[in-house]
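Undergrad: There's a structure below that I have some questions on.
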Amino acid sequence: MSPPDEDDAAIIRRSLREPERFAAIFDRHAAHIMRYLAHRLGRQVADDLVAETFLVAFGARAKFDLDRRDARPWLYGIATNLVRRQQREDGREYRLRAAIVPEPNTDGHADRVAEQVTAEAMNPLLGAALTGLSSGDRDVLLLVAWEGLSYDEVAQALDIPIGTVRSRLSRARKQVRAVLTVKESVNRG
Amino acid sequence: MDEMTQLRSVVDQTPLPTATDLAPARARLMAGLTAEQPRKSRKRLILSAATVVGLAAAITGVVAFGGLESVGVAPPEAEAAAFLHEAADAVRVLPATPPLPGQFVYTRSETTEGAREAWHSADGEHDGMIRQQGQDIPLPGCKDGRMRVMRGDYDMGMTEPCDPSPAYRRLPTDTAGMRAYLKGKPNDFDILLHFAIQERYVSPQSMAALFEVMADYPGLEIVEDATDGAGRHGVGLTWEQPADQQEVTLVFDPETHAFLGTEDTATFEHAIVDAVGERP
């Protein structure tokens, strides 16, 4: 096992000669990557693509920039590319609308269930707002809003300049807000 | 509740997958790790029979105008490489017009998000701008290691540390130099995209060197009947790209070999100007 204080870059460096070390990268990040994939494409596809993400990462680990201690942006970038490939290959524009509805909670916790109802009522609207975005804008927005990546991390993940991250985020937020605001006022009025 | 909070709440109410949820994926990964042989990760373009015929036709077309010695059955890789060498020869003889530090690289292009104009600071220290969809998005310059913090077009009234990202860097002008330069970078494709294509200035001689290096890329192939982001037809080139990068096809003018764009972008104008907002 790798020492817990070892950063991702150190593990990846070791994994070049000892491939099984790469499992530690999976153990650190797979849960978040899988949840991200599930939100984007639904749980079933996520099951498949989370393995794919780490296999791709493993295959490309020699190219990982070892100056970057944290592998998260890199992994999110790979996952995002796989999301796009999936969307292309399936010949469907996006499955966001369906995918954004969270999995039903199985632990049956009462207030969670209550939240669930609100979320389900809310989600189709958000889903519609997201569907209206260009894929580049959507990737940026979701990596920031869902995954909490910094601008710099999104730039790394998507391999775009940080200025582009800013402009895409600003545009995406504006567009989503516009959809939500219109609906709110319709509901009120 | 603003849109970011709404989005975040979708995540907050979804529990993280457990180790049990992740077990099948982990098992697949472990099988991959112990197999030693990193598997080929990306599914290549799936060519239907019709596409293959079209591809052959496209290659013949290139051979016809390119005046190559080999005709007919040369492997696609050789044809694509030959095309790049021609593109290099065509661009190499153009005059270099590098910007001065205070100038801007102007680009007018078409992207998936519509028409776009960009003014990037040549030295990265001056404020640039992107104009798209009726919005002017400022690009704060990075001076003495600090830049203004912007959220969209809103100035937060503070600065943050930064590394300048100049629109012009001196790059090697010969093939060997360029190859060595790219080797020191984490990802040569990344560099190629950022410097040669995305609104930067690369001297014609460096561009030629880039094309020469690219001609050695593995899996290079010509894409039949490629179109750029504006629908202009040209000769498309693609190659085996790492799966952690966006796939891209570069589209060249079949006659002049000039670079037109990628499958979803198109560059119309690329010039040096003195100020943001100024057009050539």
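Chain labels A, B, ... are given in the sequence in which chains occur in the structure tokens; within each chain residues are numbered consecutively from 1, and ligands are likewise numbered from 1 in the order shown.
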Do you know which residues are at most 9 Å from B:Thr267 counting only C-alpha atoms, after dropping those on the same chain fewer than 5 positions away, and could you put them as a PDB file with N, CA and C atoms, in the first residue's frame?
TA:
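result.pdb was written with the following content:
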```pdb
ATOM      1  N   THR B 107      -8.064  37.352 -33.772  1.00  0.00           N
ATOM      2  CA  THR B 107      -8.581  36.200 -34.508  1.00  0.00           C
ATOM      3  C   THR B 107     -10.084  36.332 -34.650  1.00  0.00           C
ATOM      4  N   ARG B 108     -10.560  36.148 -35.855  1.00  0.00           N
ATOM      5  CA  ARG B 108     -12.011  36.091 -36.065  1.00  0.00           C
ATOM      6  C   ARG B 108     -12.331  34.668 -36.481  1.00  0.00           C
ATOM      7  N   SER B 109     -13.238  34.050 -35.776  1.00  0.00           N
ATOM      8  CA  SER B 109     -13.474  32.637 -36.051  1.00  0.00           C
ATOM      9  C   SER B 109     -14.916  32.261 -35.802  1.00  0.00           C
ATOM     10  N   GLU B 110     -15.207  31.043 -36.147  1.00  0.00           N
ATOM     11  CA  GLU B 110     -16.533  30.478 -35.898  1.00  0.00           C
ATOM     12  C   GLU B 110     -16.302  29.303 -34.968  1.00  0.00           C
ATOM     13  N   THR B 111     -17.066  29.231 -33.885  1.00  0.00           N
ATOM     14  CA  THR B 111     -16.934  28.099 -32.988  1.00  0.00           C
ATOM     15  C   THR B 111     -18.313  27.478 -32.809  1.00  0.00           C
ATOM     16  N   ILE B 197      -3.181  26.667 -33.090  1.00  0.00           N
ATOM     17  CA  ILE B 197      -4.542  26.778 -33.566  1.00  0.00           C
ATOM     18  C   ILE B 197      -5.354  27.789 -32.790  1.00  0.00           C
ATOM     19  N   GLU B 199      -5.892  30.814 -31.504  1.00  0.00           N
ATOM     20  CA  GLU B 199      -5.783  32.258 -31.357  1.00  0.00           C
ATOM     21  C   GLU B 199      -4.413  32.730 -30.874  1.00  0.00           C
ATOM     22  N   ASP B 228     -14.839  22.085 -42.043  1.00  0.00           N
ATOM     23  CA  ASP B 228     -14.490  22.802 -40.821  1.00  0.00           C
ATOM     24  C   ASP B 228     -15.757  23.344 -40.181  1.00  0.00           C
ATOM     25  N   GLY B 229     -15.600  24.084 -39.124  1.00  0.00           N
ATOM     26  CA  GLY B 229     -16.745  24.562 -38.358  1.00  0.00           C
ATOM     27  C   GLY B 229     -17.677  25.465 -39.142  1.00  0.00           C
ATOM     28  N   ALA B 230     -17.213  25.984 -40.284  1.00  0.00           N
ATOM     29  CA  ALA B 230     -18.069  26.839 -41.094  1.00  0.00           C
ATOM     30  C   ALA B 230     -18.580  26.080 -42.313  1.00  0.00           C
ATOM     31  N   PHE B 259      -4.313  26.147 -43.283  1.00  0.00           N
ATOM     32  CA  PHE B 259      -5.122  25.578 -42.205  1.00  0.00           C
ATOM     33  C   PHE B 259      -6.438  26.328 -42.108  1.00  0.00           C
ATOM     34  N   LEU B 260      -7.550  25.607 -42.182  1.00  0.00           N
ATOM     35  CA  LEU B 260      -8.869  26.245 -42.158  1.00  0.00           C
ATOM     36  C   LEU B 260      -9.481  26.240 -40.762  1.00  0.00           C
ATOM     37  N   GLY B 261      -9.316  25.123 -40.075  1.00  0.00           N
ATOM     38  CA  GLY B 261      -9.937  25.013 -38.757  1.00  0.00           C
ATOM     39  C   GLY B 261     -10.015  23.556 -38.343  1.00  0.00           C
ATOM     40  N   THR B 262     -10.869  23.278 -37.380  1.00  0.00           N
ATOM     41  CA  THR B 262     -11.101  21.901 -36.970  1.00  0.00           C
ATOM     42  C   THR B 262     -12.540  21.561 -37.341  1.00  0.00           C
TER      43      THR B 262
END
```
Undergrad: Tell me the residues of chain A close to chain B, meaning within 6 Å using only C-alpha atoms, as a ChimeraX atom specification.
TA: /A:19-20,31,51,55-56,59,63,65,78,145-146,166-167,170,177
Undergrad: Could you turn the residues from that selection into a file that holds N, CA and C atoms, as a short mmCIF file (atom, residue, chain, number, x, y, z; two decimals), in the first residue's frame?
TA:
```cif
data_model
loop_
_atom_site.label_atom_id
_atom_site.label_comp_id
_atom_site.auth_asym_id
_atom_site.auth_seq_id
_atom_site.Cartn_x
_atom_site.Cartn_y
_atom_site.Cartn_z
N PRO A 19 2.69 -1.25 -11.71
CA PRO A 19 1.34 -0.88 -12.14
C PRO A 19 0.28 -1.01 -11.06
N GLU A 20 0.41 -2.00 -10.16
CA GLU A 20 -0.66 -2.24 -9.19
C GLU A 20 -0.81 -1.07 -8.21
N ALA A 31 -15.02 7.18 -6.23
CA ALA A 31 -16.38 7.45 -5.77
C ALA A 31 -16.90 8.77 -6.36
N ALA A 51 -14.88 2.49 -14.66
CA ALA A 51 -13.76 1.58 -14.92
C ALA A 51 -12.96 2.07 -16.11
N LEU A 55 -9.03 3.04 -16.49
CA LEU A 55 -8.20 2.27 -17.42
C LEU A 55 -7.52 3.21 -18.42
N VAL A 56 -8.28 4.18 -18.90
CA VAL A 56 -7.70 5.18 -19.80
C VAL A 56 -6.58 5.93 -19.08
N GLY A 59 -3.57 3.83 -18.77
CA GLY A 59 -2.85 3.73 -20.04
C GLY A 59 -2.08 5.00 -20.38
N LYS A 63 1.97 10.11 -19.35
CA LYS A 63 1.84 11.50 -19.80
C LYS A 63 1.32 12.42 -18.71
N ASP A 65 1.27 14.94 -15.91
CA ASP A 65 2.21 15.97 -15.54
C ASP A 65 2.50 15.84 -14.04
N ILE A 78 -10.69 13.16 -18.29
CA ILE A 78 -10.88 11.89 -18.99
C ILE A 78 -12.35 11.48 -18.93
N ALA A 145 -19.89 23.58 -10.55
CA ALA A 145 -21.04 23.56 -9.64
C ALA A 145 -21.19 22.22 -8.93
N TRP A 146 -21.03 21.13 -9.65
CA TRP A 146 -21.22 19.82 -9.04
C TRP A 146 -19.98 19.33 -8.31
N ARG A 166 -13.52 30.96 -17.64
CA ARG A 166 -14.28 32.10 -17.11
C ARG A 166 -15.43 32.47 -18.04
N SER A 167 -15.11 32.58 -19.34
CA SER A 167 -16.13 33.05 -20.26
C SER A 167 -17.24 32.00 -20.38
N SER A 170 -19.40 32.01 -17.16
CA SER A 170 -20.23 33.20 -17.09
C SER A 170 -21.43 33.05 -18.02
N ARG A 177 -29.67 30.68 -15.48
CA ARG A 177 -30.44 31.60 -14.65
C ARG A 177 -31.65 32.11 -15.41
#
```
Undergrad: Tell me, as a PDB file with N, CA and C atoms, in the first residue's frame, which residues lie within 6 Å of stretch 129-133 of chain A, counting only C-alpha atoms; anything in the same chain fewer than 5 positions away does not count.
TA:
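Now in around-v8.pdb:
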```
ATOM      1  N   ARG A 138     -21.456  23.505 -20.781  1.00  0.00           N
ATOM      2  CA  ARG A 138     -22.046  22.619 -19.784  1.00  0.00           C
ATOM      3  C   ARG A 138     -20.959  21.914 -18.975  1.00  0.00           C
ATOM      4  N   VAL A 176     -28.565  29.524 -17.716  1.00  0.00           N
ATOM      5  CA  VAL A 176     -29.338  28.692 -16.795  1.00  0.00           C
ATOM      6  C   VAL A 176     -30.241  29.572 -15.940  1.00  0.00           C
ATOM      7  N   VAL A 179     -33.346  30.678 -17.783  1.00  0.00           N
ATOM      8  CA  VAL A 179     -34.392  29.653 -17.866  1.00  0.00           C
ATOM      9  C   VAL A 179     -35.130  29.542 -16.536  1.00  0.00           C
TER      10      VAL A 179
END
```
Undergrad: Any idea what the distance is between atom CA of A:Gln44 and atom CA of A:Arg72?
TA: 22.3 Å
Undergrad: DSSP on the backbone, then: every residue of stretch 19-72 of chain A marked alpha helix (DSSP H), written as a count of residues only.
TA: 37
Undergrad: Find the distance between atom CA of B:Val248 and atom CA of B:Asp216 and write it in Å to one decimal.
TA: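 Atom-to-atom, atom CA of B:Val248 to atom CA of B:Asp216, that is 16.6 Å.
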Undergrad: State, in Å with one decimal place, the distance from atom CA of A:Val45 to atom CA of A:Val154.
TA: 23.0 Å
